[in-house]
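Colleague: To start, I am sharing the structure in question, which I have written as structure tokens.
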Amino acid sequence: MIHPNPLLRFALVALAFTLLAGCASSIDKRGDAKPQLTDLQRAEQMERRGEHDIAAPLFRKAAEAAQPPERQSLLLRAVDNLLLAGDLDQAEALLRGVDTRGWPELAFRQELLFAEHRLAANRVGEALATLDRLSTQGMPNELQVRYREDRATAYLMGGNRLKAANERVEIDLLLNDLGNSKRENQQRILTLLAELPDTTLELLQPQPPGILGGWMELARMAKRTAGDPRRLRLGMQRWREAFPNHPALDDLFADEGPQGIATQLAPTFTGMAVILPLSGRYRALGEAIRDGLLSAYYSDSVSARPQLRFLDSGDLKSIAPLYRQAATGGAQLVVGPLRKEGLNELAALPRRDTPILALNWLEEGQQADNIFQFGLAPEDEARQVAERAWGEGLETAIALAPQGEWGERVIQAFRERWRELGGELPESQFYDTAVNDFSEILQGILNLDESEARLKEMRATLGKRVHFEPRIRGDADFIFVAGSPKLVRQIRPQLQFHHASHLPVYSTSHAYSGRPDARADIDLEGVTFPDIPWLLLYEGQQDPLAREELDELFPSALDHPRLYAMGADVYEILRRAEQLIGGGVLEIDGRTGILRNNADNRILRRLVWARFEQGIPKVLGYSTPPSEPPRSLPPINPERERRPLRIGL
């Protein structure tokens, strides 16, 4: 059974269908016996109690005795309760069997439920496509609110907080009451916008500002003053003078208690220690992360900035003393370490009272209390390569990676995810990075060596020369090539020379230097790869953290651009430290990807995809969410894995 996304569950509970319920009740009139509840009354009673698994079959039973359109209405209520109960399979089966033709309002409700089912299964793109096809014209107000709620949930799940906030602005215009529902919705608007950096709010401010722009300015003001009630009241007064007709409630910040919006927006984690190698062998890496973090830090409003203290791990053999120093010095959160050895040391400590945002990964499946993990692991990219190729309809891969521990990790991650999806990997090999001629290993992985062997056998049998055209293996749909820009630039043309020009080539971000260079990258023509948004999407924007600005002011900042972007995202995570540590859902439209935490305290990234065209990366769009369920395929044909596996398997 598929379990629904918690964001959707909240939206469903908050806006359960208010469908028709006009069945007459049957009362037992024998003496003074207590009146018997009808199936519909019992269903509604269970629904109010939150017993949705019990309510659903009762609504179905009530529908059996009802006439159209009430019958369809009750069946949709049953579907609604099945979704709330988490029974997505039964909900979909029932939903597809409801005939709503001829009743536009019921048809609209049915489509909403289809969208909510897809959201519950984390199929965000499909849900948005369903919602985009709907028109709210002529629909009751409560259905229009639910429609906007679903869109807000979808955008939030996809990491687009600005669009989610915009949907809630539309909801605010539909809420006619001035009670709790309107206040709560407005607080959600502010919460969503406040989680965006100040620079983003400033850059995206519409002109003229209008209602959304007013909310964005209010969020910026609240972030600056939320920790000081007097400054907040004064800021609200000045904001109201600038936006006299804005629908924001005047007493929005009246509640100064722990549940008030002002308290929610005020920074609570004010002291943080950052452990980085700022000297020694890994100095350049640590400085790149530090500089990215500080760039985001100084782009934020002064009142929202936490106190940062940097501790140099250098070439220290032990990280534990630095962690204890940070904890006893009053740090509420420790960032680091960068190297896996240091992280393993902290994970082995008997106690970790101060939470840790590690900049690397524990081994897959390993967990440690109070350790949250964020890194740029190549394994993540290899998995997203598998998901991209699978989504494009490819089924059989061959893989090539450099010799050594890095290449083995990349191939292992790709293999596991590819086979989990249902794909076949009949062969993978590892190449020597010290050579320039990859003919031998390419002939092996493409089966050209077998083709040559057949030629020799034919010549020996016939005793004369024969016309021969080499043929590569016919069971491969694409090739996954991992490596540095220099190496992939060499391998790609040699693949073409060895009759494999028709095979799509996928790689990781390591194949791209991070700087557009058409002359150097012309040999990467057609290679498809994922990379961080900051290197592919932020070019040309008037952003203090934009690459062209840094190139001019701090040329060395882009020596390690992905680590620099990682530092900027670390700061965005720090701004949501309480949410992260409290077990909340983290959604950040970051520079290293769309960030989202999972149940294992790992912060995962969705990357941007690009393909080299005339030596320049052309953006294809974001990857699908990692939780997107794989499509089903028939069982693997064992004949397709007939060739013995070689290196790496």
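A note on labels: chains of the structure tokens are A, B, ... as shown, every chain counts residues from 1, and ligands are counted from 1 in their shown order.
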Quick one: DSSP alpha helix (DSSP H) residues in range 360-539 of chain A, as an NGL selection string?
Modeller: :A and (378-391 or 405-421 or 439-445 or 448-462 or 485-497 or 518-521 or 533-536)
Colleague: Find the residues near range 580-590 of chain A: any atom within 7 Å, counting only C-alpha atoms, skip ones fewer than 4 places away on the same chain, and give them as number ranges by chain.
Modeller: A: 159-160, 569, 576, 594-597
Colleague: Write out as a list in words which residues come within 8 Å of Arg283 in chain A when counting only C-alpha atoms, dropping same-chain ones fewer than 5 positions away.
Modeller: Pro277, Leu278 and Gly314 of chain A
Colleague: From range 265-307 of chain A, collect each residue whose DSSP state is strand (DSSP E) and return the set as a PDB file with all heavy atoms, in the first residue's frame.
Modeller:
```pdb
ATOM      1  N   GLY A 271      23.136  30.847  17.960  1.00  0.00           N
ATOM      2  CA  GLY A 271      24.560  30.573  18.073  1.00  0.00           C
ATOM      3  C   GLY A 271      24.931  29.279  17.387  1.00  0.00           C
ATOM      4  O   GLY A 271      24.423  28.220  17.751  1.00  0.00           O
ATOM      5  N   MET A 272      25.823  29.356  16.378  1.00  0.00           N
ATOM      6  CA  MET A 272      26.187  28.167  15.617  1.00  0.00           C
ATOM      7  C   MET A 272      27.693  28.145  15.386  1.00  0.00           C
ATOM      8  O   MET A 272      28.303  29.185  15.115  1.00  0.00           O
ATOM      9  CB  MET A 272      25.450  28.146  14.278  1.00  0.00           C
ATOM     10  CG  MET A 272      23.941  28.253  14.444  1.00  0.00           C
ATOM     11  SD  MET A 272      23.042  28.020  12.917  1.00  0.00           S
ATOM     12  CE  MET A 272      21.366  28.382  13.477  1.00  0.00           C
ATOM     13  N   ALA A 273      28.266  26.960  15.487  1.00  0.00           N
ATOM     14  CA  ALA A 273      29.690  26.772  15.234  1.00  0.00           C
ATOM     15  C   ALA A 273      29.868  25.999  13.934  1.00  0.00           C
ATOM     16  O   ALA A 273      29.136  25.045  13.664  1.00  0.00           O
ATOM     17  CB  ALA A 273      30.340  26.021  16.393  1.00  0.00           C
ATOM     18  N   VAL A 274      30.847  26.425  13.126  1.00  0.00           N
ATOM     19  CA  VAL A 274      31.097  25.805  11.822  1.00  0.00           C
ATOM     20  C   VAL A 274      32.502  25.228  11.826  1.00  0.00           C
ATOM     21  O   VAL A 274      33.495  25.968  11.950  1.00  0.00           O
ATOM     22  CB  VAL A 274      30.943  26.828  10.678  1.00  0.00           C
ATOM     23  CG1 VAL A 274      31.123  26.134   9.333  1.00  0.00           C
ATOM     24  CG2 VAL A 274      29.585  27.519  10.750  1.00  0.00           C
ATOM     25  N   ILE A 275      32.599  23.907  11.710  1.00  0.00           N
ATOM     26  CA  ILE A 275      33.896  23.221  11.698  1.00  0.00           C
ATOM     27  C   ILE A 275      34.284  22.935  10.260  1.00  0.00           C
ATOM     28  O   ILE A 275      33.629  22.142   9.565  1.00  0.00           O
ATOM     29  CB  ILE A 275      33.832  21.911  12.507  1.00  0.00           C
ATOM     30  CG1 ILE A 275      33.492  22.199  13.970  1.00  0.00           C
ATOM     31  CG2 ILE A 275      35.142  21.151  12.406  1.00  0.00           C
ATOM     32  CD1 ILE A 275      33.291  20.941  14.813  1.00  0.00           C
ATOM     33  N   LEU A 276      35.360  23.587   9.786  1.00  0.00           N
ATOM     34  CA  LEU A 276      35.821  23.428   8.407  1.00  0.00           C
ATOM     35  C   LEU A 276      37.342  23.376   8.372  1.00  0.00           C
ATOM     36  O   LEU A 276      38.013  23.991   9.216  1.00  0.00           O
ATOM     37  CB  LEU A 276      35.342  24.595   7.539  1.00  0.00           C
ATOM     38  CG  LEU A 276      33.864  24.646   7.161  1.00  0.00           C
ATOM     39  CD1 LEU A 276      33.549  25.972   6.488  1.00  0.00           C
ATOM     40  CD2 LEU A 276      33.487  23.485   6.246  1.00  0.00           C
ATOM     41  N   GLN A 307      24.513  34.024  15.077  1.00  0.00           N
ATOM     42  CA  GLN A 307      25.928  34.217  15.379  1.00  0.00           C
ATOM     43  C   GLN A 307      26.708  33.008  14.875  1.00  0.00           C
ATOM     44  O   GLN A 307      26.360  31.864  15.165  1.00  0.00           O
ATOM     45  CB  GLN A 307      26.130  34.377  16.886  1.00  0.00           C
ATOM     46  CG  GLN A 307      25.516  35.646  17.456  1.00  0.00           C
ATOM     47  CD  GLN A 307      25.709  35.753  18.955  1.00  0.00           C
ATOM     48  OE1 GLN A 307      26.193  34.831  19.589  1.00  0.00           O
ATOM     49  NE2 GLN A 307      25.317  36.889  19.518  1.00  0.00           N
TER      50      GLN A 307
END
```
Colleague: May I ask which of the residues A:Asp380, A:Gln403, A:Ala284, A:Ala358 is the closest one to Leu558 in chain A, counting only C-alpha atoms?
Modeller: A:Ala284
Colleague: Need to verify the contact set: Phe414 in chain A, 9 Å, only C-alpha atoms, exclusion of same-chain residues closer than 2 positions in sequence. Can you return it as an MDAnalysis selection string?
Modeller: chainID A and resid 379:386 399 409:412 416:419 480
Colleague: Print the selection's residues with N, CA and C atoms to a file, as a compact mmCIF listing (two decimals), in the first residue's frame.
Modeller:
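part.txt, written as the output of this step:
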```txt
# COMPACT_ATOMS: atom_id res chain seq x y z
N GLU A 379 27.18 9.67 -5.55
CA GLU A 379 26.20 8.58 -5.62
C GLU A 379 24.80 9.11 -5.90
N ASP A 380 24.45 10.28 -5.32
CA ASP A 380 23.14 10.87 -5.58
C ASP A 380 22.95 11.15 -7.07
N GLU A 381 24.00 11.67 -7.69
CA GLU A 381 23.91 11.99 -9.11
C GLU A 381 23.77 10.72 -9.95
N ALA A 382 24.51 9.67 -9.56
CA ALA A 382 24.41 8.41 -10.30
C ALA A 382 22.99 7.85 -10.23
N ARG A 383 22.36 7.98 -9.06
CA ARG A 383 20.98 7.50 -8.93
C ARG A 383 20.04 8.33 -9.81
N GLN A 384 20.27 9.64 -9.87
CA GLN A 384 19.40 10.48 -10.70
C GLN A 384 19.63 10.23 -12.18
N VAL A 385 20.84 9.83 -12.56
CA VAL A 385 21.08 9.40 -13.94
C VAL A 385 20.20 8.19 -14.26
N ALA A 386 20.17 7.22 -13.34
CA ALA A 386 19.33 6.03 -13.55
C ALA A 386 17.86 6.42 -13.68
N ALA A 399 28.00 0.61 -18.42
CA ALA A 399 28.54 1.68 -17.59
C ALA A 399 30.06 1.65 -17.58
N ARG A 409 32.15 3.50 -6.13
CA ARG A 409 30.96 4.01 -5.44
C ARG A 409 29.90 4.48 -6.44
N VAL A 410 30.33 5.18 -7.47
CA VAL A 410 29.40 5.71 -8.47
C VAL A 410 28.70 4.58 -9.21
N ILE A 411 29.47 3.60 -9.66
CA ILE A 411 28.88 2.47 -10.40
C ILE A 411 27.94 1.68 -9.50
N GLN A 412 28.33 1.48 -8.25
CA GLN A 412 27.49 0.71 -7.33
C GLN A 412 26.15 1.40 -7.11
N GLU A 416 22.55 -0.20 -8.35
CA GLU A 416 21.48 -0.52 -7.40
C GLU A 416 20.17 0.18 -7.77
N ARG A 417 20.26 1.49 -8.10
CA ARG A 417 19.04 2.22 -8.44
C ARG A 417 18.48 1.77 -9.78
N TRP A 418 19.35 1.49 -10.74
CA TRP A 418 18.90 1.08 -12.07
C TRP A 418 18.15 -0.25 -12.00
N ARG A 419 18.67 -1.21 -11.26
CA ARG A 419 18.00 -2.51 -11.15
C ARG A 419 16.76 -2.42 -10.27
N PHE A 480 26.46 4.89 -19.61
CA PHE A 480 26.71 5.81 -18.50
C PHE A 480 28.22 5.91 -18.33
```
Colleague: Check the smallest atom-to-atom distance from each of A:Met216, A:Ala62, A:Leu84, A:Leu134 to Glu202 in chain A using only C-alpha atoms, then report the winner.
Modeller: A:Met216
Colleague: Where does range 217-323 of chain A meet range 188-191 of chain A within 10 Å, residue by residue, with the nearest atom pair and distance in Å to one decimal for each, counting only C-alpha atoms, listed by chain and rising number, as JSON lines?
Modeller:
```
{"residue": "A:Glu217", "atom": "CA", "partner": "A:Leu190", "partner_atom": "CA", "distance": 9.9}
{"residue": "A:Leu218", "atom": "CA", "partner": "A:Leu190", "partner_atom": "CA", "distance": 7.7}
{"residue": "A:Ala219", "atom": "CA", "partner": "A:Leu190", "partner_atom": "CA", "distance": 5.5}
{"residue": "A:Arg220", "atom": "CA", "partner": "A:Leu190", "partner_atom": "CA", "distance": 9.1}
{"residue": "A:Ala222", "atom": "CA", "partner": "A:Leu190", "partner_atom": "CA", "distance": 8.5}
{"residue": "A:Lys223", "atom": "CA", "partner": "A:Leu190", "partner_atom": "CA", "distance": 9.6}
{"residue": "A:Ile261", "atom": "CA", "partner": "A:Thr191", "partner_atom": "CA", "distance": 8.0}
{"residue": "A:Ala262", "atom": "CA", "partner": "A:Thr191", "partner_atom": "CA", "distance": 9.9}
{"residue": "A:Gln264", "atom": "CA", "partner": "A:Thr191", "partner_atom": "CA", "distance": 8.0}
{"residue": "A:Leu265", "atom": "CA", "partner": "A:Thr191", "partner_atom": "CA", "distance": 7.1}
```
Colleague: Could you take the residues named above and write them with C-alpha atoms, as a tab-separated table (two decimals), in the first residue's frame?
Modeller:
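New file part29.tsv:
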```
chain	number	residue	atom	x	y	z
A	217	GLU	CA	7.38	43.31	1.54
A	218	LEU	CA	5.48	42.41	4.73
A	219	ALA	CA	7.46	39.17	5.01
A	220	ARG	CA	10.75	41.05	4.64
A	222	ALA	CA	8.59	40.78	9.69
A	223	LYS	CA	11.89	38.91	9.28
A	261	ILE	CA	3.26	34.38	13.74
A	262	ALA	CA	5.79	36.87	15.15
A	264	GLN	CA	7.37	31.72	14.48
A	265	LEU	CA	9.31	34.16	12.31
```
Colleague: Using only C-alpha atoms, find the one residue out of A:Leu442, A:Val169, A:Leu503, A:Leu293 that sits nearest to Thr396 in chain A.
Modeller: A:Leu503
Colleague: Give the answer as one residue: which of A:Leu536, A:Ala610, A:Val619, A:Ile445 has the shortest atom-to-atom distance to Leu524 in chain A, using only C-alpha atoms?
Modeller: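 Checking each candidate against Leu524 in chain A, we get A:Ala610 as the closest.
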Colleague: Write out as a list in words which residues come within 8 Å of Tyr622 in chain A when counting only C-alpha atoms, dropping same-chain ones fewer than 6 positions away.
Modeller: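 Residues near the query, excluding close chain neighbours: Arg606, Leu607, Val608 and Trp609 of chain A.
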Colleague: Given only C-alpha atoms as the basis, pick out the residue of A:Val570, A:Ala120, A:Leu174, A:Ala401 nearest to Met139 in chain A.
Modeller: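 Smallest separation from Met139 in chain A among the options: A:Leu174.
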Colleague: So how many Å separate CA of Val145 in chain A and CA of Asp39 in chain A, to one decimal?
Modeller: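 So the answer is 28.8 Å.
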